[in-house]
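Visitor: Below is the structure I would like to discuss, written out as structure tokens.
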Amino acid sequence: MKIAVCIKQVVTREWQLRVNDSKTWIRDQDASFELNEPDAYALEEALRLKEKHSGEVVVCSAGPARASSVLREALARGADRAIHVEADALASADAFAVADALAAALRDEKFDLVLTGLQSDDQGFGQVGVVLAEKLGMPHATIIMEVKAEEGGLRVKRELEGGWFQWMTLPLPALLTIQSGINQLRYATLKGIMAAKKKEIRKVTPSAAASPAQKMLAIHFPEKGKKTQMLPGSPAEAAKALVQKLREDARVIQ
Amino acid sequence: MILVVAEQREGKLNRASWEAIAAAQHAGGPVKIAVLGSAVDAVASELAAAEAAEVIVVDAPALEQYTSDGHVMTLAALIAEEQPSQVFLPHTYQTRDFAPALAARLQRALITDVTALKAPRGAMVFVRPVFQGKMSAEVTAEGPSPHFVTCQIGAFRADAAKRGSAPASVRKAAIDVDASKIRQKPEAPFKEAKQAVDLSQAERIVAVGRGIKAQEHLEVAEQLAQALGAEIAASRPICDAGWLPMDRQIGSSGQTVAPKLYLALGISGAIQHLVGMKGARTIVAINKDPEAPIFEIADYGIEGDLFEVVPALIAELKK
Ligand SMILES: Cc1cc2nc3c(=O)[nH]c(=O)nc-3n(C[C@H](O)[C@H](O)[C@H](O)COP(=O)(O)OP(=O)(O)OC[C@H]3O[C@@H](n4cnc5c(N)ncnc54)[C@H](O)[C@@H]3O)c2cc1C
Ligand SMILES: Nc1ncnc2c1ncn2[C@@H]1O[C@H](COP(=O)(O)O)[C@@H](O)[C@H]1O
């Protein structure tokens, strides 16, 4: 099975978010970056499918030069080769622009299966995978928690709300958006890291950007709605105040 | 006209549909409501209570079970007929599954997970979370209409949806849904083997998030739970990692709880977590990040390292 996995580089959760001067995106020059969480699960699922059914796993990321580090990491975990659609504007691009860039890079390779994460930790569109499926003319299924390759197609388990699930089948080629927790992740070994150095990262330049479907005017920290009573002081002081509040004001403990 | 796409499963309306209706009414102008399925008359008459120009039903055997292809095909045809200026949907898992494909097929903008509308009568500005709710973005939709908008669950109040003085008229749209073009073949929804714990009845819950860092640290949370007489629960990443069983997960894909006390340890407060616990009477958050969104819904907050605060709490409770 020839599998593509779309992976995005995002700022790490620990990084203190800072807004840029025009207040339209973050100032990430000094940020640390990591692989978008569900995309790590998508990659793992692709590697497992390859181990079972043989084939090839190709990772693809659309982003500025720094995005090559997540591609390198994916290669170290076992991906066979990588495609980097490189452009600075892709760091904060709209979902349609990203899907266009990915579709152009993947279309001619005729993948059997394309995997994406279900959502990015930064933009959180929840769109790129499904839009990409439409652009590639593939059927898709989202929020996937299990994948079985069967004669002529796939049988996949979709997560529904509130603890419900549903199996569905769909023909190949297809695109799936993968939910976190579908499998247990593996990490790169030293051997993998060494092997990754010899693997190919092919760079492609996106063609003229499609007109954005959504325009970012500003980002800001949300205004605080409900008034939270913050309990100050040392841990012991805060703990004491909290227990008193819970006993005497909220009356939720004895 | 704004077209709202309501959601039903097995003839039962998803409550979040009313939130999308409220948002569309708030945006101004006439509203029409569409519902897709098979034998959904009861849902249609329920929706007809809304103040709306009309309720449009697309009833076809091929739509009995939800599929992405079925929805995209049907709504593309309906939108071509109705020419709405905008299409509003609730940001459910089902909407996530088909709306991006529909917008891409029609080459129209889609703004997802919207929490607020600004200047509803001028050029509309949409507010949506970015960075897992740690920040908000203000965005506009570009290009020709209709623009698609999905409303975050809980952001607009269902009970704010205006009801009409008389029921809206219900019309069946004559749209052919070609079953042979549906590539996904769904099976019946199911729940995983019996849940061992029912947290919905718990009076007190101590919930741990990724701030707990390692499985062996769960013990300190368990000690706190014991001191409080509380059940232990978790955010999704903790269950994904296998540190606690899935049936202890709180949130949109886990359990929904409404205890007297919900104490969140090292949980950031992403919307998918909040929808499962914001009905708690008293919410306490302990987090080292003062900007964590969990503090927006907490009654009491302690900014600090849980590994220092929790032992102090346990000691205090034992006094
Ligand atoms: C379709 C979908 C469904 C989902 N369903 C669910 C669901 O049902 N339930 C759910 O929970 N999530 C769900 N999620 C995931 C959700 O979006 C978040 O990713 C998740 O809730 C984050 O978990 P967290 O708060 O534990 O981790 P993080 O967001 O990483 O937050 C960890 C927090 O711990 C704090 N912290 C770190 N160290 C310390 C310390 N020493 N002391 C105190 N605080 C500390 C940090 O400041 C941070 O705020 C879903 C996502 C999607 C897209
Ligand atoms: N710039 C990108 N490069 C590669 N894959 C991406 C990119 N942006 C989004 N994706 C993929 O699309 C998924 C959904 O992203 P989003 O629509 O931004 O929430 C992610 O989990 C990734 O798998």
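By convention in this document, the chains of the structure tokens carry letters A, B, ... by their order, each chain's residues are numbered from 1, and ligands are numbered from 1 in the order they are shown.
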Between segment 128-230 of chain B and segment 266-286 of chain B, at 10 Å or less, what are the per-residue closest atom pairs and their distances in Å? Count only C-alpha atoms, order by chain and rising residue number, and return it as a Markdown table.
Guide:
| residue | atom | partner | partner_atom | distance |
| --- | --- | --- | --- | --- |
| B:Pro129 | CA | B:Ile271 | CA | 9.1 |
| B:Phe131 | CA | B:Ala270 | CA | 9.3 |
| B:Gln132 | CA | B:Ala270 | CA | 5.7 |
| B:Gly133 | CA | B:Ala270 | CA | 5.8 |
| B:Lys134 | CA | B:Ala270 | CA | 8.2 |
| B:Gln152 | CA | B:Ile271 | CA | 8.6 |
| B:Ile153 | CA | B:Val275 | CA | 7.6 |
| B:Gly154 | CA | B:Val275 | CA | 7.4 |
| B:Ser200 | CA | B:Met277 | CA | 9.8 |
| B:Glu203 | CA | B:Ala280 | CA | 9.4 |
| B:Arg204 | CA | B:Ala280 | CA | 9.2 |
| B:Ile205 | CA | B:Ala280 | CA | 9.5 |
| B:Val206 | CA | B:Val284 | CA | 9.4 |
| B:Ala207 | CA | B:Ile267 | CA | 8.0 |
| B:Val208 | CA | B:Gly266 | CA | 6.2 |
| B:Gly209 | CA | B:Ile267 | CA | 4.4 |
| B:Arg210 | CA | B:Gly266 | CA | 6.1 |
| B:Gly211 | CA | B:Gly266 | CA | 4.0 |
| B:Ile212 | CA | B:Gly266 | CA | 6.2 |
| B:Lys213 | CA | B:Gly266 | CA | 9.0 |
Visitor: Please produce a file of those selected residues containing all heavy atoms, as a CSV table (one decimal), in the first residue's frame.
Guide:
chain,number,residue,atom,x,y,z
B,129,PRO,N,-11.7,30.0,18.1
B,129,PRO,CA,-10.5,29.8,18.9
B,129,PRO,C,-9.3,29.3,18.0
B,129,PRO,O,-9.5,28.6,17.0
B,129,PRO,CB,-10.9,28.6,19.8
B,129,PRO,CG,-12.0,27.9,19.0
B,129,PRO,CD,-12.7,29.0,18.2
B,131,PHE,N,-5.0,27.9,18.7
B,131,PHE,CA,-4.1,27.4,19.7
B,131,PHE,C,-4.9,26.7,20.9
B,131,PHE,O,-4.7,27.1,22.0
B,131,PHE,CB,-3.1,28.5,20.2
B,131,PHE,CG,-2.3,29.0,19.2
B,131,PHE,CD1,-2.6,30.2,18.5
B,131,PHE,CD2,-1.1,28.3,18.8
B,131,PHE,CE1,-1.8,30.7,17.5
B,131,PHE,CE2,-0.4,28.8,17.7
B,131,PHE,CZ,-0.7,30.0,17.1
B,132,GLN,N,-5.8,25.9,20.5
B,132,GLN,CA,-6.5,25.1,21.5
B,132,GLN,C,-7.3,25.9,22.5
B,132,GLN,O,-7.3,25.6,23.6
B,132,GLN,CB,-5.6,24.1,22.2
B,132,GLN,CG,-4.8,23.2,21.3
B,132,GLN,CD,-5.0,21.8,21.6
B,132,GLN,OE1,-4.9,21.3,22.7
B,132,GLN,NE2,-5.4,21.0,20.6
B,133,GLY,N,-7.8,27.1,22.0
B,133,GLY,CA,-8.6,27.9,22.9
B,133,GLY,C,-7.8,28.9,23.7
B,133,GLY,O,-8.3,29.7,24.4
B,134,LYS,N,-6.4,28.8,23.5
B,134,LYS,CA,-5.6,29.8,24.3
B,134,LYS,C,-5.7,31.2,23.7
B,134,LYS,O,-5.5,32.2,24.4
B,134,LYS,CB,-4.2,29.3,24.4
B,134,LYS,CG,-4.0,28.1,25.2
B,134,LYS,CD,-2.5,27.7,25.4
B,134,LYS,CE,-2.4,26.2,25.8
B,134,LYS,NZ,-1.7,25.4,24.7
B,152,GLN,N,-19.5,26.7,17.3
B,152,GLN,CA,-19.0,25.9,18.4
B,152,GLN,C,-20.1,25.5,19.4
B,152,GLN,O,-21.0,26.3,19.7
B,152,GLN,CB,-18.0,26.7,19.2
B,152,GLN,CG,-17.3,25.8,20.3
B,152,GLN,CD,-16.2,26.6,21.0
B,152,GLN,OE1,-16.5,27.3,22.0
B,152,GLN,NE2,-15.0,26.5,20.5
B,153,ILE,N,-20.1,24.2,19.8
B,153,ILE,CA,-21.1,23.7,20.7
B,153,ILE,C,-21.1,24.5,22.0
B,153,ILE,O,-20.1,24.7,22.6
B,153,ILE,CB,-20.9,22.2,21.0
B,153,ILE,CG1,-20.8,21.4,19.7
B,153,ILE,CG2,-22.0,21.6,21.9
B,153,ILE,CD1,-21.9,21.5,18.8
B,154,GLY,N,-22.3,25.0,22.4
B,154,GLY,CA,-22.4,25.7,23.6
B,154,GLY,C,-22.1,27.2,23.5
B,154,GLY,O,-22.3,28.0,24.5
B,200,SER,N,-21.3,10.0,35.6
B,200,SER,CA,-22.4,11.1,35.5
B,200,SER,C,-23.1,11.2,36.9
B,200,SER,O,-23.7,12.2,37.2
B,200,SER,CB,-23.4,10.7,34.5
B,200,SER,OG,-24.1,9.6,34.8
B,203,GLU,N,-20.5,12.7,42.8
B,203,GLU,CA,-20.8,14.0,43.4
B,203,GLU,C,-19.5,14.9,43.3
B,203,GLU,O,-19.6,16.1,43.3
B,203,GLU,CB,-21.1,13.8,44.9
B,203,GLU,CG,-22.4,13.1,45.1
B,203,GLU,CD,-23.2,13.7,46.3
B,203,GLU,OE1,-22.5,14.1,47.2
B,203,GLU,OE2,-24.4,13.7,46.3
B,204,ARG,N,-18.4,14.2,43.4
B,204,ARG,CA,-17.1,15.0,43.3
B,204,ARG,C,-16.2,14.2,42.4
B,204,ARG,O,-16.1,13.0,42.4
B,204,ARG,CB,-16.5,15.1,44.7
B,204,ARG,CG,-17.2,16.0,45.6
B,204,ARG,CD,-16.6,16.1,47.0
B,204,ARG,NE,-17.1,14.9,47.8
B,204,ARG,CZ,-18.2,14.8,48.5
B,204,ARG,NH1,-19.0,15.9,48.6
B,204,ARG,NH2,-18.5,13.7,49.2
B,205,ILE,N,-15.4,15.0,41.6
B,205,ILE,CA,-14.5,14.4,40.6
B,205,ILE,C,-13.2,15.2,40.7
B,205,ILE,O,-13.2,16.4,40.6
B,205,ILE,CB,-15.1,14.5,39.2
B,205,ILE,CG1,-16.3,13.5,39.0
B,205,ILE,CG2,-14.0,14.2,38.1
B,205,ILE,CD1,-17.0,13.6,37.7
B,206,VAL,N,-12.1,14.4,40.7
B,206,VAL,CA,-10.8,15.0,40.5
B,206,VAL,C,-10.3,14.6,39.2
B,206,VAL,O,-10.2,13.4,38.9
B,206,VAL,CB,-9.8,14.5,41.6
B,206,VAL,CG1,-8.3,14.9,41.2
B,206,VAL,CG2,-10.2,15.1,43.0
B,207,ALA,N,-10.1,15.5,38.3
B,207,ALA,CA,-9.7,15.2,36.9
B,207,ALA,C,-8.3,15.6,36.6
B,207,ALA,O,-7.9,16.7,37.0
B,207,ALA,CB,-10.6,15.8,35.9
B,208,VAL,N,-7.5,14.7,36.0
B,208,VAL,CA,-6.1,15.0,35.7
B,208,VAL,C,-5.9,15.2,34.2
B,208,VAL,O,-6.5,14.5,33.4
B,208,VAL,CB,-5.1,13.9,36.2
B,208,VAL,CG1,-5.1,13.9,37.7
B,208,VAL,CG2,-5.5,12.5,35.7
B,209,GLY,N,-5.0,16.1,33.9
B,209,GLY,CA,-4.6,16.4,32.5
B,209,GLY,C,-3.1,16.1,32.3
B,209,GLY,O,-2.4,15.6,33.2
B,210,ARG,N,-2.7,16.6,31.2
B,210,ARG,CA,-1.3,16.3,30.8
B,210,ARG,C,-0.3,16.9,31.7
B,210,ARG,O,0.8,16.5,31.8
B,210,ARG,CB,-1.1,16.8,29.4
B,210,ARG,CG,0.1,16.2,28.8
B,210,ARG,CD,0.3,16.3,27.2
B,210,ARG,NE,-0.7,17.0,26.5
B,210,ARG,CZ,-1.2,16.7,25.3
B,210,ARG,NH1,-0.7,15.6,24.7
B,210,ARG,NH2,-2.0,17.5,24.7
B,211,GLY,N,-0.7,17.9,32.5
B,211,GLY,CA,0.2,18.5,33.5
B,211,GLY,C,0.7,17.5,34.5
B,211,GLY,O,1.7,17.7,35.2
B,212,ILE,N,0.1,16.3,34.6
B,212,ILE,CA,0.5,15.3,35.6
B,212,ILE,C,1.8,14.6,35.1
B,212,ILE,O,2.5,13.9,35.9
B,212,ILE,CB,-0.6,14.2,35.8
B,212,ILE,CG1,-0.4,13.5,37.1
B,212,ILE,CG2,-0.8,13.3,34.6
B,212,ILE,CD1,-0.9,14.1,38.3
B,213,LYS,N,2.1,14.8,33.8
B,213,LYS,CA,3.4,14.4,33.2
B,213,LYS,C,3.7,12.9,33.1
B,213,LYS,O,4.2,12.5,32.1
B,213,LYS,CB,4.6,15.1,34.0
B,213,LYS,CG,4.6,16.6,34.0
B,213,LYS,CD,5.2,17.1,32.7
B,213,LYS,CE,5.3,18.6,32.6
B,213,LYS,NZ,4.5,19.4,33.4
Visitor: What lies within 9 Å of Gln201 of chain B using only C-alpha atoms, ignoring chain neighbours under 3 positions off, as a compact mmCIF listing (two decimals) with all heavy atoms, in the first residue's frame?
Guide:
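Listed below is the output, out.txt:
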# COMPACT_ATOMS: atom_id res chain seq x y z
N ASP B 198 -19.74 4.85 35.84
CA ASP B 198 -20.66 5.87 35.38
C ASP B 198 -20.37 7.12 36.19
O ASP B 198 -20.80 7.26 37.32
CB ASP B 198 -22.10 5.39 35.59
CG ASP B 198 -23.09 6.46 35.15
OD1 ASP B 198 -22.65 7.45 34.53
OD2 ASP B 198 -24.28 6.31 35.45
N VAL B 257 -20.39 15.06 32.62
CA VAL B 257 -20.63 14.96 34.06
C VAL B 257 -21.13 16.29 34.61
O VAL B 257 -20.92 17.34 34.01
CB VAL B 257 -19.34 14.55 34.80
CG1 VAL B 257 -18.92 13.15 34.40
CG2 VAL B 257 -18.21 15.54 34.54
N ALA B 258 -21.80 16.22 35.74
CA ALA B 258 -22.29 17.44 36.40
C ALA B 258 -22.19 17.28 37.91
O ALA B 258 -23.19 17.32 38.62
CB ALA B 258 -23.72 17.72 35.97
N PRO B 259 -20.97 17.07 38.43
CA PRO B 259 -20.84 16.86 39.87
C PRO B 259 -20.98 18.17 40.65
O PRO B 259 -21.00 19.24 40.05
CB PRO B 259 -19.41 16.32 40.00
CG PRO B 259 -18.68 16.98 38.87
CD PRO B 259 -19.68 17.10 37.74
Visitor: What's around segment 194-200 of chain A at 8 Å? Count only C-alpha atoms, leave out sequence neighbours fewer than 4 positions away in its own chain, and write the answer as a JSON list (two decimals) with N, CA, C and O atoms, in the first residue's frame.
Guide:
[["chain", "number", "residue", "atom", "x", "y", "z"],
["A", 72, "ARG", "N", 12.06, 15.36, 9.05],
["A", 72, "ARG", "CA", 13.23, 14.57, 9.44],
["A", 72, "ARG", "C", 12.86, 13.63, 10.59],
["A", 72, "ARG", "O", 13.25, 12.47, 10.61],
["A", 73, "GLU", "N", 12.09, 14.15, 11.51],
["A", 73, "GLU", "CA", 11.67, 13.33, 12.65],
["A", 73, "GLU", "C", 10.82, 12.14, 12.18],
["A", 73, "GLU", "O", 10.98, 11.01, 12.65],
["A", 75, "LEU", "N", 10.93, 10.74, 9.28],
["A", 75, "LEU", "CA", 11.83, 9.80, 8.59],
["A", 75, "LEU", "C", 12.56, 8.94, 9.61],
["A", 75, "LEU", "O", 12.75, 7.74, 9.42],
["A", 76, "ALA", "N", 12.94, 9.56, 10.73],
["A", 76, "ALA", "CA", 13.63, 8.80, 11.78],
["A", 76, "ALA", "C", 12.71, 7.77, 12.42],
["A", 76, "ALA", "O", 13.15, 6.72, 12.87],
["A", 78, "GLY", "N", 10.54, 6.16, 10.77],
["A", 78, "GLY", "CA", 10.34, 5.04, 9.86],
["A", 78, "GLY", "C", 9.72, 5.37, 8.52],
["A", 78, "GLY", "O", 9.58, 4.48, 7.67],
["A", 80, "ASP", "N", 9.53, 6.48, 4.67],
["A", 80, "ASP", "CA", 10.53, 6.16, 3.65],
["A", 80, "ASP", "C", 11.10, 7.39, 2.99],
["A", 80, "ASP", "O", 12.28, 7.46, 2.68],
["A", 81, "ARG", "N", 10.26, 8.36, 2.70],
["A", 81, "ARG", "CA", 10.76, 9.61, 2.10],
["A", 81, "ARG", "C", 9.78, 10.74, 2.43],
["A", 81, "ARG", "O", 8.71, 10.49, 2.98],
["A", 82, "ALA", "N", 10.19, 11.96, 2.06],
["A", 82, "ALA", "CA", 9.41, 13.12, 2.47],
["A", 82, "ALA", "C", 9.27, 14.12, 1.33],
["A", 82, "ALA", "O", 10.13, 14.19, 0.44],
["A", 190, "LEU", "N", 18.00, 5.51, 17.77],
["A", 190, "LEU", "CA", 19.26, 6.07, 17.25],
["A", 190, "LEU", "C", 19.48, 5.57, 15.83],
["A", 190, "LEU", "O", 19.87, 6.33, 14.94]]
Visitor: Tell me, as a VMD selection string, which residues lie within 10 Å of segment 116-126 of chain A, counting only C-alpha atoms; anything in the same chain fewer than 2 positions away does not count.
Guide: (chain A and resid 4 to 13 35 to 43 59 to 60 92 to 95 114 128 to 132 142 to 144 175 to 180) or (chain B and resid 96 to 97 100 110 to 113 128 to 135 137)
Visitor: Could you tell me, as a ChimeraX atom specification, which residues of segment 12-242 of chain A DSSP assigns to strand (DSSP E) when given the backbone?
Guide: /A:33-35,56-63,81-86,113-117,140-150,153-159,164-171,174-178,201-204,214-220,229-230
Visitor: Using only C-alpha atoms and all ligand atoms, which of A:Ala236, A:Val252, A:Ala208, A:Ala67 sits nearest ligand 2?
Guide: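 For ligand 2, the nearest of the given residues is A:Ala67.
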Visitor: Write out as an NGL selection string each polymer residue whose atoms come within 7 Å of segment 14-17 of chain A, counting only C-alpha atoms; drop sequence neighbours fewer than 6 positions from it.
Guide: :A and (26 or 31-32)
Visitor: Please provide as a ChimeraX atom specification all residues within 9 Å of segment 203-207 of chain A, with the sequence filter that same-chain residues fewer than 6 positions apart are discarded (counting only C-alpha atoms).
Guide: /A:62,82-87,100-102,104-105
Visitor: I'd like the neighbourhood of Gln226 of chain B as a list in words, where a residue qualifies if any of its atoms comes within 10 Å (using only C-alpha atoms), though same-chain residues fewer than 6 positions away should be ignored.
Guide: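 Contacts, in chain order: Val206, Val220, Ile232 and Ile314 of chain B.
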Visitor: So that I have them on file, write out the residues from the current selection with N, CA and C atoms, as a short mmCIF file (atom, residue, chain, number, x, y, z; two decimals), in the first residue's frame.
Guide:
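Now in out-v2.cif:
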data_model
loop_
_atom_site.label_atom_id
_atom_site.label_comp_id
_atom_site.auth_asym_id
_atom_site.auth_seq_id
_atom_site.Cartn_x
_atom_site.Cartn_y
_atom_site.Cartn_z
N VAL B 206 -12.11 14.44 40.72
CA VAL B 206 -10.77 15.00 40.53
C VAL B 206 -10.31 14.56 39.15
N VAL B 220 -0.63 10.77 43.30
CA VAL B 220 -0.89 11.97 44.11
C VAL B 220 -2.31 12.48 43.87
N ILE B 232 -11.93 9.59 40.27
CA ILE B 232 -10.84 10.10 39.45
C ILE B 232 -11.26 10.06 37.98
N ILE B 314 -3.97 17.99 50.28
CA ILE B 314 -4.22 16.74 50.98
C ILE B 314 -3.97 16.94 52.48
#
Visitor: Have a look at A:Asn183, A:Gln166, A:Ser234, A:Ser211 and name the one nearest to chain B; count only C-alpha atoms.
Guide: A:Gln166
Visitor: Please measure the separation of atom CA of Ser180 of chain B and atom CA of Ala101 of chain B, giving the value in Å to one decimal.
Guide: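 Rounded to one decimal, the two atoms are 18.4 Å apart.
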Visitor: If you run DSSP on this backbone, which residues of segment 38-279 of chain B come out as helix (DSSP H, G or I), and could you give them as a PyMOL selection string?
Guide: chain B and resi 41-47+61-63+68-82+93-106+158-160+179-181+199-201+210-212+215-228+236-240+246-248+271-274
Visitor: Looking at B:Ala202, B:Ala315, B:Ala292, B:Val139, which one is nearest to chain A, with distances taken over only C-alpha atoms?
Guide: B:Val139
